[in-house]
$ cat coords_34.cif   # mmCIF, C-alpha atoms
data_work
loop_
_atom_site.label_atom_id
_atom_site.label_comp_id
_atom_site.auth_asym_id
_atom_site.auth_seq_id
_atom_site.Cartn_x
_atom_site.Cartn_y
_atom_site.Cartn_z
CA MET G 1 107.02 43.51 48.34
CA LYS G 2 109.21 43.86 51.40
CA LYS G 3 107.91 47.40 52.04
CA THR G 4 104.32 46.15 51.70
CA ILE G 5 104.91 43.44 54.28
CA MET G 6 106.53 45.95 56.63
CA ALA G 7 103.58 48.32 56.20
CA ILE G 8 101.10 45.55 56.95
CA SER G 9 103.09 44.45 59.99
CA SER G 10 103.25 48.02 61.24
CA SER G 11 99.52 48.41 60.75
CA LEU G 12 98.77 45.22 62.67
CA LEU G 13 101.08 46.27 65.49
CA LEU G 14 99.48 49.69 65.80
CA GLY G 15 96.04 48.18 65.57
CA GLY G 16 96.94 45.77 68.35
CA ILE G 17 98.15 48.60 70.56
CA ALA G 18 95.00 50.61 69.90
CA THR G 19 92.78 47.67 70.77
CA ALA G 20 94.76 46.70 73.85
CA GLN G 21 94.81 50.23 75.16
CA LYS G 22 91.12 50.42 75.98
CA ILE G 23 90.50 53.17 78.52
CA ALA G 24 88.39 52.10 81.50
CA PHE G 25 86.31 54.78 83.21
CA GLU G 26 83.34 55.36 85.46
CA GLU G 27 80.96 58.30 85.10
CA TYR G 28 78.12 59.68 87.19
CA ASN G 29 76.33 62.93 88.07
CA LEU G 30 76.12 64.86 91.30
CA ASP G 31 72.74 66.28 92.28
CA ASN G 32 73.84 69.75 91.18
CA GLY G 33 74.46 68.51 87.62
CA LEU G 34 78.25 68.20 87.75
CA HIS G 35 79.31 65.27 85.61
CA VAL G 36 82.14 63.21 87.10
CA ILE G 37 84.45 60.83 85.23
CA LEU G 38 86.96 58.61 87.03
CA HIS G 39 89.84 56.79 85.35
CA GLN G 40 91.98 54.75 87.69
CA ASP G 41 95.56 53.96 86.71
CA ASN G 42 97.84 52.95 89.58
CA SER G 43 100.93 52.41 87.43
CA ALA G 44 102.51 55.70 88.61
CA PRO G 45 101.98 57.76 91.79
CA VAL G 46 100.44 60.69 89.90
CA VAL G 47 96.88 62.02 89.74
CA ILE G 48 95.29 64.57 87.41
CA THR G 49 92.30 66.60 88.48
CA SER G 50 90.66 68.62 85.74
CA VAL G 51 87.50 70.56 85.10
CA MET G 52 86.27 71.43 81.63
CA TYR G 53 83.56 74.07 81.31
CA HIS G 54 81.27 74.25 78.30
CA VAL G 55 82.09 77.88 77.63
CA GLY G 56 84.31 79.31 74.94
CA SER G 57 84.53 82.39 72.80
CA LYS G 58 81.40 81.36 70.87
CA ASP G 59 79.35 81.96 74.04
CA GLU G 60 80.28 85.63 74.25
CA ASN G 61 78.34 88.76 73.47
CA PRO G 62 79.56 90.19 70.12
CA SER G 63 80.23 93.49 71.90
CA LYS G 64 82.06 91.79 74.78
CA THR G 65 84.46 89.33 73.19
CA GLY G 66 87.43 87.70 74.91
CA PHE G 67 85.61 86.91 78.15
CA ALA G 68 86.11 83.12 78.12
CA HIS G 69 89.86 83.47 77.58
CA PHE G 70 89.93 86.26 80.16
CA PHE G 71 88.40 83.91 82.74
CA GLU G 72 91.05 81.31 81.96
CA HIS G 73 93.40 83.80 83.62
CA LEU G 74 91.05 85.48 86.08
CA LEU G 75 90.07 82.30 87.92
CA PHE G 76 93.65 81.84 89.10
CA GLU G 77 93.49 85.17 90.93
CA GLY G 78 92.23 83.66 94.18
CA THR G 79 89.16 82.56 96.12
CA GLN G 80 87.59 83.24 99.48
CA ASN G 81 89.98 80.70 101.00
CA ILE G 82 93.00 81.06 98.70
CA LYS G 83 94.65 84.45 98.96
CA ARG G 84 95.36 86.44 95.83
CA GLY G 85 98.62 85.30 94.23
CA GLU G 86 98.82 82.10 96.30
CA TRP G 87 97.31 79.61 93.85
CA PHE G 88 100.53 78.75 92.02
CA ASN G 89 102.54 78.81 95.26
CA ILE G 90 100.28 76.17 96.81
CA VAL G 91 100.52 73.96 93.74
CA THR G 92 104.29 74.25 93.49
CA ALA G 93 104.85 73.72 97.21
CA ASN G 94 102.96 70.44 96.99
CA GLY G 95 104.91 69.07 94.04
CA GLY G 96 102.33 69.88 91.39
CA VAL G 97 101.90 71.73 88.14
CA ASN G 98 98.78 73.27 86.69
CA ASN G 99 97.52 75.18 83.70
CA ALA G 100 94.46 76.09 81.66
CA ASN G 101 93.50 76.72 78.05
CA THR G 102 90.54 78.06 76.12
CA SER G 103 89.05 77.36 72.70
CA ASP G 104 86.02 78.57 70.80
CA ASP G 105 83.99 75.84 72.50
CA ARG G 106 85.33 75.15 76.01
CA THR G 107 87.68 76.14 78.84
CA TYR G 108 89.89 73.57 80.55
CA TYR G 109 91.69 73.74 83.93
CA TYR G 110 93.89 70.98 85.34
CA GLU G 111 96.35 70.09 88.10
CA VAL G 112 98.92 67.30 88.12
CA PHE G 113 99.92 66.25 91.64
CA PRO G 114 101.61 63.38 93.43
CA SER G 115 98.75 61.03 94.17
CA ASN G 116 98.77 61.80 97.91
CA ASN G 117 97.56 65.33 97.09
CA LEU G 118 94.28 64.43 95.39
CA GLU G 119 92.21 65.96 98.18
CA LEU G 120 94.11 69.24 97.84
CA ALA G 121 93.50 69.30 94.09
CA LEU G 122 89.78 68.63 94.49
CA TRP G 123 89.47 71.31 97.13
CA MET G 124 91.25 73.87 94.93
CA GLU G 125 89.04 73.18 91.91
CA SER G 126 85.92 73.30 94.07
CA GLU G 127 87.13 76.64 95.45
CA ARG G 128 87.55 77.97 91.91
CA LEU G 129 83.95 76.98 91.20
CA MET G 130 82.30 77.88 94.52
CA HIS G 131 84.23 80.85 95.89
CA PRO G 132 85.99 82.81 93.12
CA ILE G 133 87.00 86.36 93.97
CA ILE G 134 86.11 88.63 91.07
CA ASN G 135 87.12 92.14 92.00
CA GLN G 136 88.47 95.22 90.29
CA ILE G 137 92.13 94.64 91.16
CA GLY G 138 92.05 91.15 89.66
CA VAL G 139 90.24 92.34 86.55
CA ASP G 140 92.66 95.24 86.05
CA THR G 141 95.67 92.97 86.54
CA GLN G 142 94.50 90.41 84.02
CA LYS G 143 93.59 93.07 81.47
CA GLU G 144 97.28 94.00 81.36
CA VAL G 145 98.28 90.34 81.08
CA ILE G 146 95.88 89.79 78.17
CA LYS G 147 97.03 92.97 76.47
CA GLU G 148 100.65 91.80 76.59
CA GLU G 149 99.70 88.32 75.37
CA LYS G 150 97.75 89.74 72.45
CA ASN G 151 100.60 92.05 71.49
CA SER G 152 103.29 89.37 71.64
CA ARG G 153 101.42 86.38 70.22
CA TYR G 154 99.15 88.01 67.66
CA ASP G 155 99.48 91.71 66.85
CA ASN G 156 103.30 91.85 66.73
CA GLN G 157 103.95 88.25 65.68
CA PRO G 158 104.68 87.64 61.98
CA TYR G 159 101.60 85.98 60.43
CA GLY G 160 100.01 86.16 63.87
CA ARG G 161 96.61 87.37 62.66
CA ILE G 162 95.91 84.77 59.98
CA ILE G 163 93.19 82.97 61.97
CA GLU G 164 91.58 86.30 62.88
CA ALA G 165 91.46 87.32 59.22
CA VAL G 166 90.09 83.94 58.14
CA LYS G 167 87.39 83.84 60.78
CA LYS G 168 85.95 87.30 60.15
CA ASN G 169 85.60 86.50 56.43
CA LEU G 170 84.46 82.88 56.68
CA PHE G 171 81.70 83.36 59.27
CA ILE G 172 78.90 85.91 59.05
CA ASN G 173 76.40 84.91 61.76
CA HIS G 174 78.22 82.43 63.97
CA PRO G 175 80.33 83.63 66.94
CA TYR G 176 83.26 81.73 65.44
CA ARG G 177 83.76 84.97 63.48
CA TRP G 178 85.95 86.41 66.25
CA THR G 179 89.09 85.03 67.86
CA THR G 180 89.35 83.35 71.22
CA ILE G 181 91.50 86.13 72.65
CA GLY G 182 88.86 88.63 71.59
CA SER G 183 89.05 92.40 71.54
CA THR G 184 91.21 94.44 73.91
CA GLU G 185 88.77 97.33 73.46
CA HIS G 186 85.87 95.13 74.59
CA LEU G 187 87.73 94.02 77.70
CA ASN G 188 88.79 97.58 78.53
CA SER G 189 85.23 98.88 78.27
CA ALA G 190 83.68 96.01 80.24
CA LYS G 191 82.52 96.71 83.78
CA LEU G 192 83.09 94.55 86.83
CA GLU G 193 79.41 93.60 86.77
CA ASP G 194 79.86 92.18 83.24
CA PHE G 195 82.54 89.78 84.44
CA LYS G 196 80.51 88.74 87.48
CA ALA G 197 77.49 88.02 85.28
CA PHE G 198 79.57 85.92 82.88
CA ASN G 199 80.94 83.89 85.79
CA GLU G 200 77.51 83.37 87.33
CA LYS G 201 76.07 82.14 84.04
CA PHE G 202 78.74 79.75 82.77
CA TYR G 203 80.95 78.64 85.66
CA VAL G 204 78.37 76.41 87.31
CA PRO G 205 78.49 72.65 88.04
CA ASN G 206 75.79 71.76 85.51
CA ASN G 207 77.95 73.29 82.76
CA ALA G 208 81.09 71.34 83.62
CA VAL G 209 82.72 67.94 83.79
CA LEU G 210 85.19 66.91 86.50
CA VAL G 211 87.77 64.27 85.59
CA VAL G 212 90.03 62.48 88.05
CA ALA G 213 92.63 60.27 86.36
CA GLY G 214 95.60 58.37 87.71
CA ASP G 215 96.61 56.78 91.00
CA PHE G 216 93.78 57.05 93.51
CA GLU G 217 91.29 54.96 95.45
CA LYS G 218 87.79 55.29 94.05
CA LYS G 219 85.77 55.14 97.24
CA GLN G 220 87.83 57.85 98.90
CA ALA G 221 87.82 60.00 95.75
CA LYS G 222 84.03 59.84 95.53
CA GLU G 223 83.70 60.92 99.16
CA TRP G 224 85.97 63.92 98.61
CA ILE G 225 84.16 64.84 95.39
CA GLN G 226 80.83 64.78 97.18
CA ASN G 227 82.19 66.76 100.14
CA TYR G 228 83.81 69.51 98.07
CA PHE G 229 81.62 69.74 94.97
CA GLY G 230 78.28 68.45 96.24
CA PRO G 231 77.35 71.64 98.18
CA ILE G 232 77.89 73.91 95.14
CA LYS G 233 74.63 75.41 93.94
CA LYS G 234 73.30 74.34 90.56
CA GLY G 235 73.22 77.14 88.02
CA GLU G 236 70.40 78.25 85.76
CA LYS G 237 69.95 76.12 82.67
CA ILE G 238 71.99 77.59 79.83
CA VAL G 239 69.98 78.13 76.66
CA ARG G 240 72.32 78.31 73.69
CA GLU G 241 71.28 80.02 70.49
CA LYS G 242 71.92 78.02 67.35
CA PHE G 243 73.68 80.00 64.63
CA ILE G 244 73.31 78.83 61.04
CA GLU G 245 75.62 79.90 58.26
CA LYS G 246 74.35 79.91 54.69
CA PRO G 247 76.51 77.81 52.35
CA ILE G 248 79.25 79.69 50.55
CA THR G 249 78.43 79.66 46.83
CA GLU G 250 80.83 82.30 45.49
CA THR G 251 84.53 82.73 46.18
CA ILE G 252 85.20 85.24 48.96
CA LYS G 253 88.22 87.41 48.27
CA ALA G 254 89.87 89.44 51.01
CA THR G 255 93.17 91.12 51.82
CA HIS G 256 94.90 91.48 55.16
CA ILE G 257 97.96 93.69 55.61
CA ASP G 258 100.48 92.47 58.19
CA PRO G 259 103.20 95.04 58.97
CA ASN G 260 105.31 92.33 60.62
CA ILE G 261 106.04 90.30 57.48
CA GLN G 262 108.10 90.63 54.32
CA ILE G 263 106.88 87.61 52.36
CA PRO G 264 103.20 87.45 51.34
CA MET G 265 101.27 84.32 52.25
CA LEU G 266 98.57 82.58 50.28
CA VAL G 267 95.71 81.48 52.52
CA THR G 268 92.63 79.63 51.33
CA ALA G 269 89.93 78.51 53.72
CA TYR G 270 86.78 76.41 53.49
CA ARG G 271 83.93 76.17 55.96
CA THR G 272 83.43 72.54 56.98
CA PRO G 273 80.96 70.56 59.13
CA SER G 274 80.98 69.86 62.86
CA MET G 275 83.79 67.74 64.25
CA LYS G 276 81.13 65.23 65.32
CA THR G 277 80.53 64.15 61.72
CA ARG G 278 82.18 61.43 59.66
CA GLU G 279 82.83 64.05 56.98
CA ALA G 280 85.04 66.02 59.37
CA ARG G 281 87.09 62.91 59.94
CA ALA G 282 87.36 62.34 56.19
CA LEU G 283 88.67 65.90 55.85
CA ASP G 284 91.27 65.06 58.53
CA PHE G 285 92.47 62.31 56.18
CA ILE G 286 92.76 64.84 53.35
CA SER G 287 94.75 67.23 55.55
CA SER G 288 97.20 64.47 56.43
CA TYR G 289 97.40 63.31 52.82
CA LEU G 290 98.18 66.79 51.51
CA SER G 291 100.59 68.17 54.06
CA ASP G 292 101.58 65.85 56.89
CA GLY G 293 105.35 65.58 56.58
CA LYS G 294 107.86 65.98 53.80
CA SER G 295 106.47 63.02 51.87
CA SER G 296 103.01 64.60 51.65
CA LYS G 297 101.63 65.55 48.25
CA LEU G 298 101.81 69.32 48.55
CA TYR G 299 105.23 69.47 50.21
CA LYS G 300 106.84 66.98 47.85
CA LYS G 301 105.43 68.65 44.75
CA ILE G 302 105.52 72.37 45.50
CA VAL G 303 108.42 72.70 47.95
CA ASP G 304 110.72 69.79 47.18
CA GLU G 305 110.34 69.18 43.45
CA LYS G 306 109.15 72.44 41.87
CA LYS G 307 110.65 74.69 44.54
CA LYS G 308 107.82 77.18 44.23
CA ALA G 309 107.23 77.58 47.97
CA LEU G 310 109.23 77.99 51.15
CA GLN G 311 106.42 76.37 53.10
CA ILE G 312 103.11 74.73 52.33
CA GLY G 313 100.46 73.24 54.58
CA ALA G 314 96.86 72.20 55.08
CA VAL G 315 95.12 71.93 58.42
CA SER G 316 91.62 71.08 59.56
CA PHE G 317 90.31 73.08 62.55
CA ASN G 318 87.74 70.81 64.16
CA GLN G 319 85.10 72.62 66.23
CA GLU G 320 81.76 71.82 67.82
CA ASP G 321 79.47 73.59 65.34
CA TYR G 322 81.49 74.24 62.19
CA GLY G 323 85.06 73.59 61.17
CA MET G 324 87.61 75.42 59.07
CA TYR G 325 89.84 73.82 56.48
CA ILE G 326 92.84 76.05 55.76
CA VAL G 327 95.50 75.63 53.08
CA TYR G 328 98.43 78.06 53.10
CA GLY G 329 101.75 78.67 51.42
CA LEU G 330 104.74 81.01 51.31
CA PRO G 331 105.88 81.52 47.69
CA MET G 332 109.53 81.53 46.74
CA THR G 333 111.07 84.54 45.03
CA ASN G 334 109.88 84.81 41.39
CA TYR G 335 106.61 83.04 42.23
CA ALA G 336 103.31 84.48 43.37
CA SER G 337 100.42 83.26 45.48
CA GLU G 338 98.50 82.49 42.27
CA ASP G 339 101.18 79.98 41.28
CA LEU G 340 100.79 78.13 44.54
CA LEU G 341 97.01 78.21 44.32
CA LYS G 342 97.12 76.60 40.89
CA GLU G 343 99.29 73.74 42.18
CA ILE G 344 97.12 73.27 45.30
CA ASP G 345 93.92 73.19 43.25
CA GLU G 346 95.37 70.55 40.94
CA GLU G 347 95.96 68.23 43.91
CA ILE G 348 92.49 68.85 45.36
CA VAL G 349 90.89 68.09 41.98
CA LYS G 350 92.79 64.78 41.91
CA ILE G 351 91.32 63.87 45.31
CA GLN G 352 87.85 64.86 44.09
CA THR G 353 88.21 62.83 40.90
CA ASP G 354 90.20 59.70 41.79
CA LEU G 355 90.44 57.54 44.86
CA ILE G 356 93.70 57.99 46.72
CA SER G 357 95.95 54.95 46.41
CA GLU G 358 95.66 52.03 48.82
CA ARG G 359 99.24 52.65 49.87
CA ASP G 360 98.60 56.30 50.75
CA PHE G 361 95.36 55.34 52.45
CA GLN G 362 97.13 52.80 54.65
CA LYS G 363 99.86 55.31 55.46
CA ILE G 364 97.27 57.78 56.73
CA LEU G 365 95.52 55.10 58.78
CA ASN G 366 98.84 54.26 60.41
CA GLN G 367 99.41 57.93 61.22
CA PHE G 368 96.02 58.28 62.88
CA GLU G 369 96.43 55.10 64.90
CA ASN G 370 99.86 56.27 66.04
CA GLN G 371 98.38 59.63 67.02
CA TYR G 372 95.61 57.89 68.95
CA VAL G 373 98.12 55.80 70.87
CA ASN G 374 100.26 58.85 71.67
CA GLU G 375 97.32 60.94 72.87
CA ASN G 376 96.26 58.20 75.28
CA SER G 377 99.75 57.18 76.36
CA ASN G 378 99.67 59.21 79.58
CA VAL G 379 97.05 60.14 82.15
CA GLU G 380 97.20 63.84 81.24
CA GLY G 381 96.10 63.09 77.69
CA ILE G 382 93.48 60.61 78.85
CA ALA G 383 91.99 63.12 81.31
CA GLU G 384 91.57 65.79 78.65
CA ASN G 385 90.14 63.36 76.11
CA LEU G 386 87.61 62.01 78.60
CA ALA G 387 86.43 65.55 79.30
CA LYS G 388 86.36 66.52 75.62
CA TYR G 389 84.42 63.50 74.44
CA TYR G 390 81.80 63.99 77.14
CA LEU G 391 81.40 67.75 76.87
CA LEU G 392 81.69 68.34 73.13
CA HIS G 393 80.71 64.98 71.62
CA GLY G 394 78.25 63.72 74.22
CA ASP G 395 79.86 60.27 74.32
CA VAL G 396 82.74 59.51 76.69
CA ASN G 397 83.32 56.10 75.14
CA LEU G 398 84.55 57.77 71.97
CA ILE G 399 87.90 57.74 73.76
CA ASN G 400 87.88 54.06 72.82
CA ASN G 401 85.74 54.13 69.68
CA ASP G 402 86.85 57.23 67.78
CA ILE G 403 89.78 55.39 66.24
CA ASN G 404 87.33 52.77 65.00
CA ILE G 405 85.38 55.49 63.20
CA TYR G 406 88.57 56.67 61.51
CA ASN G 407 89.38 53.09 60.57
CA SER G 408 85.93 52.73 59.00
CA ILE G 409 86.31 55.79 56.74
CA THR G 410 86.57 54.65 53.12
CA ARG G 411 88.50 56.08 50.23
CA GLU G 412 85.16 56.85 48.61
CA GLU G 413 84.15 58.97 51.62
CA ILE G 414 87.41 60.90 51.35
CA ARG G 415 86.73 61.64 47.68
CA ASP G 416 83.13 62.61 48.41
CA ALA G 417 84.12 64.96 51.26
CA ALA G 418 86.56 66.74 48.93
CA LYS G 419 83.87 67.04 46.26
CA LYS G 420 81.34 68.40 48.75
CA TYR G 421 83.43 70.88 50.74
CA LEU G 422 86.60 71.80 48.83
CA ASN G 423 85.26 73.46 45.68
CA THR G 424 86.66 76.74 44.37
CA ASN G 425 83.33 78.58 44.74
CA GLN G 426 83.04 77.55 48.41
CA ARG G 427 86.14 79.16 49.79
CA LEU G 428 87.88 82.25 51.01
CA ILE G 429 91.02 83.38 49.20
CA LEU G 430 92.92 85.61 51.59
CA ASN G 431 95.76 87.70 50.24
CA TYR G 432 97.90 88.04 53.36
CA ILE G 433 100.50 90.65 52.48
CA PRO G 434 103.16 92.97 53.95
CA THR G 435 102.60 96.70 54.19
CA PRO G 436 102.81 98.03 50.62
CA GLN G 437 105.88 100.16 50.01
CA LYS G 438 105.30 103.75 48.94
CA ASN G 439 106.67 104.73 45.56
CA GLU G 440 109.45 107.31 45.86
CA ASN G 441 109.62 109.92 43.10
#

$ encode --input "coords_34.cif" --output "structure tokens"
Amino acid sequence: MKKTIMAISSSLLLGGIATAQKIAFEEYNLDNGLHVILHQDNSAPVVITSVMYHVGSKDENPSKTGFAHFFEHLLFEGTQNIKRGEWFNIVTANGGVNNANTSDDRTYYYEVFPSNNLELALWMESERLMHPIINQIGVDTQKEVIKEEKNSRYDNQPYGRIIEAVKKNLFINHPYRWTTIGSTEHLNSAKLEDFKAFNEKFYVPNNAVLVVAGDFEKKQAKEWIQNYFGPIKKGEKIVREKFIEKPITETIKATHIDPNIQIPMLVTAYRTPSMKTREARALDFISSYLSDGKSSKLYKKIVDEKKKALQIGAVSFNQEDYGMYIVYGLPMTNYASEDLLKEIDEEIVKIQTDLISERDFQKILNQFENQYVNENSNVEGIAENLAKYYLLHGDVNLINNDINIYNSITREEIRDAAKKYLNTNQRLILNYIPTPQKNEN
């Protein structure tokens, strides 16, 4: 009874925080199509300027993959008014930090500065958009950077190619079938004109959202935004092809050999719906229920109690068009991947058959509310979420309402999502193994 009261109190507290933490923002468009979102928070003398472009690896030519990630690097090379190699020096000299990242669906650049450097940040981002220098020396330099990144993070990293192996087997038509980092061979064979064409098509104001968040004065910020971004020419309208995947009706079986590992890994993967759907959110609940922490069902059963696995996990990859639901495990000595799969399937069948308990349901709700609070606890997180909800969801106010959607998910919806998407004939079973040893006679 005492634990129940504590759980209820915790839930009310988290709910109160989530409600009280409503994010205020203002949004508008420039004439060139650039969408602008302003979030003013004068509690600390810091301002974040970020631009998210609606271009990711899914927008690439199948014979020229890796371009979006390549541009994440290339657009730091310099502009007509920022000399090559000076970008990071300018940021550091003015007390700032900056970075960028790329996904299948978008590319995100941001600067964090003391608030008195907002104009500098806006000028730099407008320079990246208006006056990028795309030349052979920059392209050649970044090719080497990407090659090293691919070698260290993927090709030579134990279990580093799991996502690559899953994607190429789970998707047939959709560009999600290749990885964000793409192919080194494609980048090496690409010509300078290919990179210029990619930039001209996707890095345009009408394919981007600018977010300013933190300590600033709105009237002045709007003037600077108009001065620096207003003159940028609007790009051609981007027509995106819609790729449809046929439902998986028979188990896909595949093997990937990783020379960097000694212990085989069981990997199962299901294709799931767009992150915009309620069903994707229900699958997030299932992921948390199965493998979030040492008290989760899979960890407690397979690792802690039965000691059949060194590691077990389930994760939902939420994406704009389709998602991936991946369950994985490292078997202990004397156990095989099939043993783990049997245990995993038993737990999924339970979710498909019975409603999860009220106690477990409330625990998951608490976890999601805590995550929501943490993500929006600083202006950096708020800036990225504002951009994401606009660009990928089409609704900025989801920064305030998304948690309400999670709170409205029922136990019945969780069961139904498992029944609809997590069946044995709808998945990939990937045997991820070390290099087989040769028999010595």

$ resolve_selection --input "coords_34.cif" --expression "the PyMOL selection byres ((chain G and resi 247) around 9)" --output "list in words"
Glu245, Lys246, Ile248, Thr249, Arg271 and Gln426 of chain G

$ resolve_selection --input "coords_34.cif" --expression "the PyMOL selection byres ((chain G and resi 328) around 8)" --output "JSON, numbers by chain"
{"G": [265, 266, 267, 268, 312, 313, 314, 326, 327, 329, 330]}

$ closest_residue --input "coords_34.cif" --among "G:Thr333, G:Thr435, G:Asn407, G:Asn318" --to "G:Asn366" --atoms "all atoms listed in the file"
G:Asn407

$ closest_residue --input "coords_34.cif" --among "G:Tyr228, G:Tyr325, G:Tyr389, G:Tyr299" --to "G:Pro273" --atoms "all atoms listed in the file"
G:Tyr325

$ resolve_selection --input "coords_34.cif" --expression "the PyMOL selection byres ((chain G and resi 34) around 6)" --output "ChimeraX atom specification"
/G:29-30,32-33,35,205-206,208-209

$ closest_residue --input "coords_34.cif" --among "G:Glu241, G:Asp345, G:Glu164, G:Glu223" --to "G:Asp258" --atoms "all atoms listed in the file"
G:Glu164

$ atom_distance --input "coords_34.cif" --atom1 "atom CA of G:Ala213" --atom2 "atom CA of G:Ile48"
5.2 Å

$ residues_around --input "coords_34.cif" --residues "stretch 37-44 of chain G" --least-positions-apart "4" --cutoff "8 Å" --atoms "only C-alpha atoms" --output "list in words"
Ile23, Ala24, Phe25, Glu26, Glu27, Tyr28, Val209, Leu210, Val211, Val212, Ala213, Gly214, Asp215, Phe216, Glu217, Lys218, Val379, Ala383, Leu386 and Ala387 of chain G

$ closest_atom_pairs --input "coords_34.cif" --of "stretch 152-194 of chain G" --to "stretch 92-114 of chain G" --cutoff "12 Å" --atoms "all atoms listed in the file" --output "CSV"
residue,atom,partner,partner_atom,distance
G:Lys167,CA,G:Asp104,CA,11.4
G:His174,CA,G:Asp104,CA,11.1
G:Pro175,CA,G:Asp104,CA,8.5
G:Tyr176,CA,G:Asp104,CA,6.8
G:Arg177,CA,G:Asp104,CA,10.0
G:Trp178,CA,G:Asp104,CA,9.1
G:Thr179,CA,G:Asp104,CA,7.7
G:Thr180,CA,G:Asp104,CA,5.8
G:Ile181,CA,G:Thr102,CA,8.8
G:Gly182,CA,G:Asp104,CA,10.5

$ residues_around --input "coords_34.cif" --residues "G:Asp402" --least-positions-apart "6" --cutoff "12 Å" --atoms "only C-alpha atoms" --output "PyMOL selection string"
chain G and resi 18-19+22+275-278+281+368-369+371-373+385-386+389+393+395-396+408-409

$ closest_residue --input "coords_34.cif" --among "G:Val46, G:Asp292, G:Asn169, G:Leu75" --to "G:Thr251" --atoms "only C-alpha atoms"
G:Asn169

$ closest_residue --input "coords_34.cif" --among "G:Val145, G:Met52, G:Leu192, G:Ala221" --to "G:Leu392" --atoms "all atoms listed in the file"
G:Met52

$ atom_distance --input "coords_34.cif" --atom1 "atom CA of G:Tyr159" --atom2 "atom CA of G:Met332"
16.4 Å

$ atom_distance --input "coords_34.cif" --atom1 "atom CA of G:Asn431" --atom2 "atom CA of G:Thr255"
4.6 Å

$ axis_aligned_box --input "coords_34.cif" --around "stretch 236-240 of chain G" --padding-each-side "8 Å" --output "lines of an AutoDock Vina configuration file"
center_x = 71.1
center_y = 77.2
center_z = 79.7
size_x = 18.4
size_y = 18.2
size_z = 28.1

$ closest_residue --input "coords_34.cif" --among "G:Ile238, G:Gln437, G:Asn260, G:Asn227" --to "G:Arg153" --atoms "only C-alpha atoms"
G:Asn260

$ residues_around --input "coords_34.cif" --residues "G:Ala282" --least-positions-apart "6" --cutoff "8 Å" --atoms "all atoms listed in the file" --output "PDB file with C-alpha atoms, in the frame of the given file"
ATOM      1  CA  TYR G 406      88.570  56.670  61.510  1.00  0.00           C
ATOM      2  CA  ILE G 409      86.310  55.790  56.740  1.00  0.00           C
ATOM      3  CA  GLU G 413      84.150  58.970  51.620  1.00  0.00           C
ATOM      4  CA  ILE G 414      87.410  60.900  51.350  1.00  0.00           C
ATOM      5  CA  ALA G 417      84.120  64.960  51.260  1.00  0.00           C
TER       6      ALA G 417
END
